[in-house]
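Asker: Starting off with a structure, shown below.
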Amino acid sequence: MTARRRDLFLCLIFAGFAAILPVVSGVRYTVTQTTFFFIWATVVVQWNLVFGIGGIFSLAQMALFAVGAYTAAMLGYYFGTSMILAIPAGALLAVIFSVALGLACLRLRGPYVALLTLCVAQVMYLMIVNDTDCFTNPPAGCMPLMGGVRGFSRFGDLGFRELLGPAFYVGHYYVGLAMLTLAMIASVVVIRSPMGLAFQALRDNPVYAAARGIDRFKYQLWIFGLSSFFTGLAGAFYAVNTGVVGPVVFSFSHLLFLLSMIIIGGVGTIWGPIVGALLLMFADEAMRELGDLRDIGMGLILVGCVVLMPRGVVGLFEDLTRRRAAQPARNAPLPTKESA
Amino acid sequence: MDVFLQIIASGLTLGAMYAISTAGLALVFGAMNMLNMSHGAILALGGYLSYFALTGLGLPPPVGITFAVLVCAAVGVVIYSIVARPMLQSDNFETRIFIATIGVGVILESIILEAFGPQPKPQPVSVPGSLTWGGVYLPYQNLMILGVAVLIMAALGFALQKTRIGRAIRATAQNRDAAQLMGVRIGVVYALVLAISGGLAAVSDITISSLSSLLPNMGADPMLKAFIICVVAGLGSVPGSVIAALFIGVIEAVVQYIFGVRFNFALLLILVIMVLIWRPHGVFGRVQGVRL
């Protein structure tokens with residue numbers, strides 16, 4: 001079995017296990033929290049494509065998420081568009097936005113990309129929050145074009161409320177699960193394809209890759225476009241799932257939470273982001289009792305992971321199994337230096 | 001004309017405040033290719049420590065400010081020895097230190113929040129009075145900030161150009177391996193650079209908060225502005241960043257006067273995005289060759 005088949009097979013097995021969770025545990029809290037896990041895991045799996053596989057340190061992922069969320073919400077709010085159409089529209093707009101961003105940071109490297117993308121996200125946030133001119137005047141009060149500080153609510157849903165009644169959240173659970181499964185399959189297919197190899201080649205040695213005829217321009221736009229589709233989709237689904245979209249999606253703590261998931265799970269590994277998302281959701285749940293100290297805990301986890309295990313939990317696991325496999329041969333080459 | 005001069009005067013004050021914190025950031029990036037994302041939290045820490053020393057312990061202002069500067073410098077050294085040193089040799093140091101210092105910033109900010117609470121606090125360091133000169137209203141506070149900034153920049157420039165350790169810092173920035181082969185102890189240089197940056201952050205925040213007030217997350221905006229200035233100047237260029245800081249301070253004052261405070265920051269950010277696309281290494285940045 002090739003590595004690609006094995007990974008796809010694992011995707012389906014995990015999806016199968018996740019599909020029976022609402023049947024086994026009917027607790028609403030567990031089901032809705034797992035739905036959030038699906039949304040965040042979708043975002044980090046796609047972020048990993050840009051950051052881990054492509055080696056481009058973009059911090060725009062929450063901005064793309066917001067593009068998806070705001071597009072869906074605004075289409076629903078202003079035009080009454082059905083969410084079944086509005087969600088893919090959000091994803092498509094995120095793709096266009098992301099390709100434009102990819103063009104903007106073609107000439108930049110390393111932390112400059114992080115600064116540019118952070119600035120773009122911050123401009124969007126400030127434009128939304130500082131806009132106080134009323135665009136429409138619904139009974140609930142003045143409504144700026146982009147929703148202002150308050151954001152949008154009541155822009156429609158997927159119709160699960162009529163279909164399933166009080167148990168509508170189970171419907172959202174399965175939509176989330178389907179989205180994550182597709183995002184994961186897309187990520188495996190991309191990483192284990194010639195294109196994925198090209199991304200990794202450009203990451204590990206840009207000059208050598210270019211000398212072998214790999215076009216950085218083309219592949220950078222591809223990776224920005226590919227990774228943004230599911231991010232936008234996750235954003236739009238998030239909007240429908242919570243029923244509210246506000247500027248809070250741009251908050252730095254959100255971005256940090258997702259970044260920590262990738263780092264802790266393992267940058268540039270296939271399963272790292274999802275493992276990291278799972279671990280951090282549990283850690284967050286466990287530290288809920290601590291109140292304000294929660295942030296200190298998150299910070300400590302992040303710093304500790306970056307310093308002590310640069311390739312995250314999955315990377316550490318891979319190194320251990322490789323070392324065990326290499327043990328009988330005394331003169332076996334040392335495990336290569338981290339390449340994430 | 002009076003309005004114009006007034007705008008220039010307040011712009012220069014803003015620029016002077018930015019210059020102090022940006023110089024530290026640029027120094028660290030120049031010497032060790034490290035973007036310190038915890039700079040904002042260190043800024044806030046400096047302001048709060050001065051508040052604590054002056055109001056809580058009742059120390060006289062010079063002692064209190066020195067205390068704040070020394071503690072922030074120590075925080076810089078701690079960041080070097082615990083966070084930066086273990087990963088100095090790794091390939092993707094720039095990305096890893098960026099992420100790790102975000103974590104450090106969150107920890108510091110939460111500690112400040114725990115210790116001092118979320119309410120705004122006044123910064124006790126202030127000079128009352130003002131003078132009107134040629135129709136321009138100049139509070140002594142602003143003049144003092146300008147004076148402090150000029151003094152610090154001059155001292156920093158002198159130290160970098162004329163002293164032994166300054167030469168070591170510049171040598172490390174130019175070529176780390178060569179500097180090390182010539183006997184520069186780069187560990188000491190890195191620790192020192194982060195300590196200077198921490199100390200400058202404390203001074204910068206004391207000036208910023210003396211015009212507004214103290215909040216646990218107050219460092220975020222000045223840090224982002226400091227990054228903007230660094231990027232416009234070209235990361236790592238200390239003299240370039242001082243010029244850019246004054247320039248941006250004046251631009252900010254002009255934009256505030258014409259368009260209002262509302263879109264001021266967004267416009268600044270758009271400026272950075274344009275600069276980054278037009279000149280990826282900043283206006284004063286040198287284009288670094290890629291070693292194969």
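Simple scheme: letters A, B, ... for chains in structure tokens order, numbers from 1 for residues in each chain, numbers from 1 for ligands in the order shown.
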Kindly assemble as CSV a list of the chain B residues that lie within 7 Å of chain A, each paired with its nearest atom pair and their distance in Å to one decimal, using only C-alpha atoms, sorted first by chain and then by ascending residue number.
Answerer:
residue,atom,partner,partner_atom,distance
B:Val83,CA,A:Val307,CA,6.4
B:Pro86,CA,A:Val307,CA,6.7
B:Met87,CA,A:Val307,CA,6.6
B:Glu94,CA,A:Pro111,CA,6.9
B:Thr95,CA,A:Pro111,CA,6.6
B:Arg96,CA,A:Val306,CA,6.4
B:Ala100,CA,A:Val303,CA,4.8
B:Gly103,CA,A:Gly299,CA,4.3
B:Val104,CA,A:Gly299,CA,6.3
B:Val106,CA,A:Gly299,CA,5.7
B:Ile107,CA,A:Ile296,CA,4.7
B:Ser110,CA,A:Ile296,CA,6.0
B:Arg262,CA,A:Asn130,CA,6.0
B:Ala266,CA,A:Val123,CA,5.0
B:Leu269,CA,A:Cys119,CA,5.9
B:Ile273,CA,A:Leu116,CA,6.1
B:Ile277,CA,A:Ala104,CA,6.0
B:Pro280,CA,A:Leu108,CA,5.7
Asker: Would you export the selected residues with C-alpha atoms as a CSV table (one decimal), in the first residue's frame, please?
Answerer:
chain,number,residue,atom,x,y,z
B,83,VAL,CA,14.0,31.0,24.4
B,86,PRO,CA,18.5,26.8,22.3
B,87,MET,CA,17.3,27.4,18.8
B,94,GLU,CA,13.6,33.3,12.1
B,95,THR,CA,10.2,31.6,12.0
B,96,ARG,CA,10.6,29.7,15.3
B,100,ALA,CA,8.1,31.6,20.4
B,103,GLY,CA,4.1,33.0,23.3
B,104,VAL,CA,6.4,35.0,25.6
B,106,VAL,CA,1.1,36.4,25.8
B,107,ILE,CA,2.7,35.2,29.1
B,110,SER,CA,-1.3,38.0,31.2
B,262,ARG,CA,-10.5,56.9,12.5
B,266,ALA,CA,-5.4,51.6,8.5
B,269,LEU,CA,-0.8,49.8,7.3
B,273,ILE,CA,1.8,47.0,2.3
B,277,ILE,CA,5.3,45.2,-2.5
B,280,PRO,CA,10.7,44.1,-0.4
Asker: As number ranges by chain, please: every residue in segment 25-215 of chain A that DSSP puts in helix (DSSP H, G or I).
Answerer: A: 28-53, 61-79, 83-104, 110-130, 160-191, 194-204, 206-211
Asker: What would the file look like if the residues just selected were written as a compact mmCIF listing (two decimals), in the first residue's frame with C-alpha atoms?
Answerer:
# COMPACT_ATOMS: atom_id res chain seq x y z
CA ARG A 28 -25.02 18.58 23.41
CA TYR A 29 -21.88 20.20 24.76
CA THR A 30 -19.64 17.41 23.48
CA VAL A 31 -21.25 17.46 20.05
CA THR A 32 -21.05 21.24 19.59
CA GLN A 33 -17.48 21.40 20.88
CA THR A 34 -16.50 18.66 18.43
CA THR A 35 -18.14 20.68 15.65
CA PHE A 36 -15.84 23.58 16.59
CA PHE A 37 -12.93 21.16 16.53
CA PHE A 38 -13.91 20.26 12.92
CA ILE A 39 -13.89 23.94 11.93
CA TRP A 40 -10.53 24.76 13.53
CA ALA A 41 -8.96 21.54 12.32
CA THR A 42 -10.06 22.35 8.75
CA VAL A 43 -8.36 25.75 9.00
CA VAL A 44 -5.10 24.42 10.42
CA VAL A 45 -4.92 21.50 7.99
CA GLN A 46 -5.06 23.99 5.13
CA TRP A 47 -2.77 26.49 6.87
CA ASN A 48 -0.25 23.68 7.17
CA LEU A 49 -0.19 23.46 3.37
CA VAL A 50 1.05 27.05 3.09
CA PHE A 51 3.15 27.24 6.23
CA GLY A 52 4.42 23.70 6.69
CA ILE A 53 4.58 22.25 3.17
CA GLN A 61 -5.38 32.40 7.42
CA MET A 62 -7.80 34.05 9.84
CA ALA A 63 -8.33 36.87 7.34
CA LEU A 64 -9.29 34.31 4.69
CA PHE A 65 -11.52 32.63 7.23
CA ALA A 66 -13.12 36.03 7.84
CA VAL A 67 -13.58 36.62 4.09
CA GLY A 68 -15.53 33.36 3.90
CA ALA A 69 -17.56 34.14 7.00
CA TYR A 70 -18.37 37.73 6.06
CA THR A 71 -19.25 36.85 2.45
CA ALA A 72 -21.73 34.21 3.53
CA ALA A 73 -23.22 36.43 6.23
CA MET A 74 -23.51 39.52 4.00
CA LEU A 75 -25.05 37.59 1.10
CA GLY A 76 -27.60 36.15 3.49
CA TYR A 77 -28.25 39.43 5.31
CA TYR A 78 -28.52 41.83 2.37
CA PHE A 79 -29.78 39.58 -0.43
CA MET A 83 -26.78 29.50 2.82
CA ILE A 84 -26.35 26.51 0.53
CA LEU A 85 -25.22 28.97 -2.16
CA ALA A 86 -23.66 31.56 0.14
CA ILE A 87 -21.19 29.15 1.77
CA PRO A 88 -19.47 28.09 -1.49
CA ALA A 89 -19.55 31.74 -2.61
CA GLY A 90 -17.62 32.62 0.55
CA ALA A 91 -15.08 29.90 -0.22
CA LEU A 92 -14.61 31.14 -3.80
CA LEU A 93 -14.11 34.75 -2.74
CA ALA A 94 -11.54 33.57 -0.21
CA VAL A 95 -9.67 31.84 -3.07
CA ILE A 96 -9.62 35.03 -5.16
CA PHE A 97 -8.50 37.09 -2.18
CA SER A 98 -5.80 34.58 -1.33
CA VAL A 99 -4.36 34.45 -4.86
CA ALA A 100 -4.12 38.25 -4.79
CA LEU A 101 -2.27 38.01 -1.48
CA GLY A 102 0.03 35.37 -2.92
CA LEU A 103 0.86 37.79 -5.73
CA ALA A 104 1.53 40.60 -3.25
CA GLY A 110 10.34 34.72 5.90
CA PRO A 111 9.10 37.13 8.52
CA TYR A 112 8.35 39.85 5.94
CA VAL A 113 5.52 37.65 4.65
CA ALA A 114 4.23 37.31 8.20
CA LEU A 115 4.28 41.09 8.65
CA LEU A 116 2.54 41.79 5.33
CA THR A 117 -0.22 39.27 5.94
CA LEU A 118 -0.65 40.45 9.52
CA CYS A 119 -0.97 44.03 8.25
CA VAL A 120 -3.61 43.00 5.71
CA ALA A 121 -5.66 41.29 8.41
CA GLN A 122 -5.27 44.30 10.69
CA VAL A 123 -6.40 46.73 7.95
CA MET A 124 -9.53 44.63 7.39
CA TYR A 125 -10.23 44.59 11.12
CA LEU A 126 -9.76 48.34 11.51
CA MET A 127 -11.86 49.13 8.44
CA ILE A 128 -14.72 47.04 9.82
CA VAL A 129 -14.53 48.25 13.42
CA ASN A 130 -13.98 51.95 12.68
CA PHE A 160 -31.53 21.95 10.15
CA ARG A 161 -33.77 23.67 12.68
CA GLU A 162 -36.89 22.78 10.70
CA LEU A 163 -35.55 19.37 9.76
CA LEU A 164 -34.27 18.11 13.11
CA GLY A 165 -35.95 20.45 15.60
CA PRO A 166 -34.04 20.91 18.85
CA ALA A 167 -31.33 18.47 17.75
CA PHE A 168 -30.27 20.74 14.84
CA TYR A 169 -26.71 20.84 16.15
CA VAL A 170 -26.30 17.20 15.10
CA GLY A 171 -26.86 18.30 11.50
CA HIS A 172 -24.08 20.88 11.87
CA TYR A 173 -21.89 18.18 13.36
CA TYR A 174 -22.12 16.03 10.24
CA VAL A 175 -21.63 18.98 7.88
CA GLY A 176 -18.50 19.88 9.87
CA LEU A 177 -17.27 16.31 9.78
CA ALA A 178 -17.79 16.09 6.02
CA MET A 179 -15.93 19.38 5.56
CA LEU A 180 -12.95 18.28 7.65
CA THR A 181 -12.80 14.89 5.92
CA LEU A 182 -12.76 16.53 2.49
CA ALA A 183 -10.19 19.09 3.61
CA MET A 184 -8.00 16.33 5.00
CA ILE A 185 -8.31 14.23 1.84
CA ALA A 186 -7.47 17.29 -0.28
CA SER A 187 -4.43 17.97 1.90
CA VAL A 188 -3.20 14.35 1.64
CA VAL A 189 -3.71 14.30 -2.11
CA VAL A 190 -1.81 17.58 -2.54
CA ILE A 191 1.07 16.65 -0.23
CA PRO A 194 4.08 15.85 -7.70
CA MET A 195 2.77 19.30 -6.87
CA GLY A 196 3.29 18.68 -3.16
CA LEU A 197 6.85 17.60 -3.90
CA ALA A 198 7.36 20.82 -5.83
CA PHE A 199 6.14 22.85 -2.85
CA GLN A 200 8.53 21.02 -0.56
CA ALA A 201 11.41 21.44 -2.97
CA LEU A 202 10.79 25.19 -3.11
CA ARG A 203 10.68 25.26 0.67
CA ASP A 204 13.86 23.26 1.27
CA PRO A 206 14.46 27.47 -3.56
CA VAL A 207 17.45 28.01 -5.81
CA TYR A 208 18.03 24.33 -6.56
CA ALA A 209 14.30 23.86 -7.15
CA ALA A 210 14.27 26.79 -9.57
CA ALA A 211 17.31 25.36 -11.35
Asker: Mind pulling up the distance from atom CA of Phe98 of chain B to atom CA of Leu35 of chain B?
Answerer: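 Straight-line distance from atom CA of Leu35 of chain B to atom CA of Phe98 of chain B works out to 5.7 Å.
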Asker: Compare B:Ala41, B:Val28, B:Ala244, B:Val231 by their minimum atom-to-atom distance to Leu113 of chain B, counting only C-alpha atoms, and give me the closest one.
Answerer: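 Smallest separation from Leu113 of chain B among the options: B:Ala41.
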Asker: Which residues in segment 106-186 of chain B does DSSP call strand (DSSP E or B)? List them as a compact mmCIF listing (two decimals) with N, CA and C atoms, in the first residue's frame.
Answerer:
# COMPACT_ATOMS: atom_id res chain seq x y z
N LYS B 121 -4.41 52.92 34.22
CA LYS B 121 -3.70 53.58 35.33
C LYS B 121 -2.96 54.80 34.77
N SER B 130 3.75 74.60 30.02
CA SER B 130 3.92 74.60 28.57
C SER B 130 4.47 75.95 28.16
N LEU B 131 4.93 76.06 26.95
CA LEU B 131 5.31 77.37 26.44
C LEU B 131 4.72 77.55 25.06
N THR B 132 4.47 78.79 24.72
CA THR B 132 3.96 79.08 23.39
C THR B 132 5.05 79.84 22.65
N TRP B 133 5.45 79.30 21.54
CA TRP B 133 6.61 79.85 20.85
C TRP B 133 6.25 80.01 19.38
N VAL B 136 3.04 78.37 18.36
CA VAL B 136 2.94 76.91 18.49
C VAL B 136 2.90 76.57 19.97
N TYR B 137 1.93 75.76 20.34
CA TYR B 137 1.75 75.38 21.74
C TYR B 137 2.60 74.15 22.04
N LEU B 138 3.54 74.30 22.96
CA LEU B 138 4.45 73.18 23.26
C LEU B 138 4.42 72.85 24.74
N PRO B 139 3.74 71.77 25.14
CA PRO B 139 3.81 71.37 26.55
C PRO B 139 5.24 70.92 26.89
Asker: Using only C-alpha atoms, determine which residues lie at most 10 Å from Pro120 of chain B, disregarding the query and same-chain residues fewer than 2 positions distant; provide the list as a list in words.
Answerer: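 The residues satisfying every condition are Phe116, Gly117, Pro118, Pro122, Gln123, Ser212, Ser213, Leu214, Leu215, Pro216 and Met218 of chain B.
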Asker: Pick out the residues sitting within 10 Å of segment 182-194 of chain B, and hand them over as an NGL selection string; count only C-alpha atoms, and ignore anything fewer than 4 positions along from it in its own chain.
Answerer: :B and (24-25 or 27-32 or 34 or 36 or 72-81 or 84-85 or 88 or 165-173 or 176-178 or 198-200)
Asker: For Asn142 of chain B, please output as a PDB file with N, CA, C and O atoms, in the first residue's frame all residues within 12 Å (counting only C-alpha atoms; exclusion window: fewer than 6 positions along the same chain).
Answerer:
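Listing of result.pdb after writing:
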ATOM      1  N   ALA B   9       5.024  69.829  15.024  1.00  0.00           N
ATOM      2  CA  ALA B   9       5.519  69.678  16.390  1.00  0.00           C
ATOM      3  C   ALA B   9       4.953  68.423  17.030  1.00  0.00           C
ATOM      4  O   ALA B   9       5.691  67.627  17.637  1.00  0.00           O
ATOM      5  N   SER B  10       3.637  68.192  16.880  1.00  0.00           N
ATOM      6  CA  SER B  10       3.085  66.997  17.533  1.00  0.00           C
ATOM      7  C   SER B  10       3.519  65.737  16.790  1.00  0.00           C
ATOM      8  O   SER B  10       3.713  64.689  17.401  1.00  0.00           O
ATOM      9  N   GLY B  11       3.710  65.863  15.472  1.00  0.00           N
ATOM     10  CA  GLY B  11       4.204  64.723  14.708  1.00  0.00           C
ATOM     11  C   GLY B  11       5.588  64.313  15.149  1.00  0.00           C
ATOM     12  O   GLY B  11       5.886  63.119  15.290  1.00  0.00           O
ATOM     13  N   LEU B  12       6.444  65.303  15.405  1.00  0.00           N
ATOM     14  CA  LEU B  12       7.809  64.985  15.831  1.00  0.00           C
ATOM     15  C   LEU B  12       7.806  64.323  17.208  1.00  0.00           C
ATOM     16  O   LEU B  12       8.594  63.408  17.468  1.00  0.00           O
ATOM     17  N   THR B  13       6.900  64.782  18.097  1.00  0.00           N
ATOM     18  CA  THR B  13       6.812  64.138  19.412  1.00  0.00           C
ATOM     19  C   THR B  13       6.428  62.673  19.251  1.00  0.00           C
ATOM     20  O   THR B  13       7.033  61.776  19.848  1.00  0.00           O
ATOM     21  N   LEU B  14       5.408  62.427  18.423  1.00  0.00           N
ATOM     22  CA  LEU B  14       4.990  61.046  18.160  1.00  0.00           C
ATOM     23  C   LEU B  14       6.173  60.244  17.615  1.00  0.00           C
ATOM     24  O   LEU B  14       6.475  59.146  18.091  1.00  0.00           O
ATOM     25  N   GLY B  15       6.828  60.828  16.602  1.00  0.00           N
ATOM     26  CA  GLY B  15       7.949  60.146  15.968  1.00  0.00           C
ATOM     27  C   GLY B  15       9.054  59.830  16.956  1.00  0.00           C
ATOM     28  O   GLY B  15       9.647  58.759  16.912  1.00  0.00           O
ATOM     29  N   ALA B  16       9.311  60.768  17.883  1.00  0.00           N
ATOM     30  CA  ALA B  16      10.372  60.552  18.872  1.00  0.00           C
ATOM     31  C   ALA B  16      10.030  59.361  19.754  1.00  0.00           C
ATOM     32  O   ALA B  16      10.889  58.516  20.048  1.00  0.00           O
ATOM     33  N   MET B  17       8.749  59.271  20.143  1.00  0.00           N
ATOM     34  CA  MET B  17       8.354  58.132  20.983  1.00  0.00           C
ATOM     35  C   MET B  17       8.523  56.820  20.226  1.00  0.00           C
ATOM     36  O   MET B  17       9.002  55.830  20.771  1.00  0.00           O
ATOM     37  N   SER B 126       5.449  63.065  34.977  1.00  0.00           N
ATOM     38  CA  SER B 126       4.972  64.122  34.084  1.00  0.00           C
ATOM     39  C   SER B 126       5.577  65.458  34.464  1.00  0.00           C
ATOM     40  O   SER B 126       5.943  65.693  35.616  1.00  0.00           O
ATOM     41  N   VAL B 127       5.720  66.304  33.485  1.00  0.00           N
ATOM     42  CA  VAL B 127       6.248  67.642  33.704  1.00  0.00           C
ATOM     43  C   VAL B 127       5.125  68.617  33.370  1.00  0.00           C
ATOM     44  O   VAL B 127       4.668  68.646  32.235  1.00  0.00           O
ATOM     45  N   PRO B 128       4.649  69.385  34.343  1.00  0.00           N
ATOM     46  CA  PRO B 128       3.548  70.302  34.049  1.00  0.00           C
ATOM     47  C   PRO B 128       4.043  71.539  33.303  1.00  0.00           C
ATOM     48  O   PRO B 128       5.241  71.783  33.205  1.00  0.00           O
ATOM     49  N   GLY B 129       3.108  72.285  32.775  1.00  0.00           N
ATOM     50  CA  GLY B 129       3.441  73.562  32.150  1.00  0.00           C
ATOM     51  C   GLY B 129       3.654  73.445  30.657  1.00  0.00           C
ATOM     52  O   GLY B 129       3.702  72.358  30.100  1.00  0.00           O
ATOM     53  N   SER B 130       3.750  74.598  30.017  1.00  0.00           N
ATOM     54  CA  SER B 130       3.924  74.597  28.575  1.00  0.00           C
ATOM     55  C   SER B 130       4.469  75.954  28.164  1.00  0.00           C
ATOM     56  O   SER B 130       4.501  76.895  28.959  1.00  0.00           O
ATOM     57  N   LEU B 131       4.933  76.058  26.950  1.00  0.00           N
ATOM     58  CA  LEU B 131       5.315  77.373  26.445  1.00  0.00           C
ATOM     59  C   LEU B 131       4.719  77.554  25.064  1.00  0.00           C
ATOM     60  O   LEU B 131       4.466  76.587  24.350  1.00  0.00           O
ATOM     61  N   VAL B 148      14.586  63.553  25.552  1.00  0.00           N
ATOM     62  CA  VAL B 148      14.997  62.203  25.947  1.00  0.00           C
ATOM     63  C   VAL B 148      15.326  61.372  24.710  1.00  0.00           C
ATOM     64  O   VAL B 148      16.355  60.673  24.661  1.00  0.00           O
ATOM     65  N   ALA B 149      14.466  61.490  23.688  1.00  0.00           N
ATOM     66  CA  ALA B 149      14.678  60.690  22.479  1.00  0.00           C
ATOM     67  C   ALA B 149      15.999  61.060  21.810  1.00  0.00           C
ATOM     68  O   ALA B 149      16.786  60.185  21.447  1.00  0.00           O
ATOM     69  N   THR B 207       7.295  57.174  28.183  1.00  0.00           N
ATOM     70  CA  THR B 207       6.916  58.401  27.473  1.00  0.00           C
ATOM     71  C   THR B 207       5.523  58.274  26.859  1.00  0.00           C
ATOM     72  O   THR B 207       4.725  59.194  26.953  1.00  0.00           O
ATOM     73  N   ILE B 208       5.231  57.118  26.249  1.00  0.00           N
ATOM     74  CA  ILE B 208       3.919  56.957  25.616  1.00  0.00           C
ATOM     75  C   ILE B 208       2.809  57.063  26.650  1.00  0.00           C
ATOM     76  O   ILE B 208       1.838  57.784  26.478  1.00  0.00           O
ATOM     77  N   SER B 210       2.867  58.455  29.503  1.00  0.00           N
ATOM     78  CA  SER B 210       2.747  59.741  30.195  1.00  0.00           C
ATOM     79  C   SER B 210       1.805  60.662  29.416  1.00  0.00           C
ATOM     80  O   SER B 210       1.266  61.610  29.972  1.00  0.00           O
ATOM     81  N   LEU B 211       1.601  60.394  28.131  1.00  0.00           N
ATOM     82  CA  LEU B 211       0.654  61.201  27.353  1.00  0.00           C
ATOM     83  C   LEU B 211      -0.728  60.564  27.305  1.00  0.00           C
ATOM     84  O   LEU B 211      -1.702  61.227  27.001  1.00  0.00           O
TER      85      LEU B 211
END
Asker: Please compute the atom CA of Ala245 of chain B-atom CA of Gly135 of chain B distance, one decimal, in Å.
Answerer: 25.4 Å
Asker: What does the distance from atom CA of Val3 of chain B to atom CA of Gln256 of chain B come to in Å, to one decimal?
Answerer: 12.7 Å
Asker: So that I can check the surroundings of Val150 of chain B, please list as a ChimeraX atom specification every protein, DNA and RNA residue that reaches within 10 Å of it, counting only C-alpha atoms and ignoring chain neighbours fewer than 4 positions away.
Answerer: /B:16,19-20,144-146,154-156
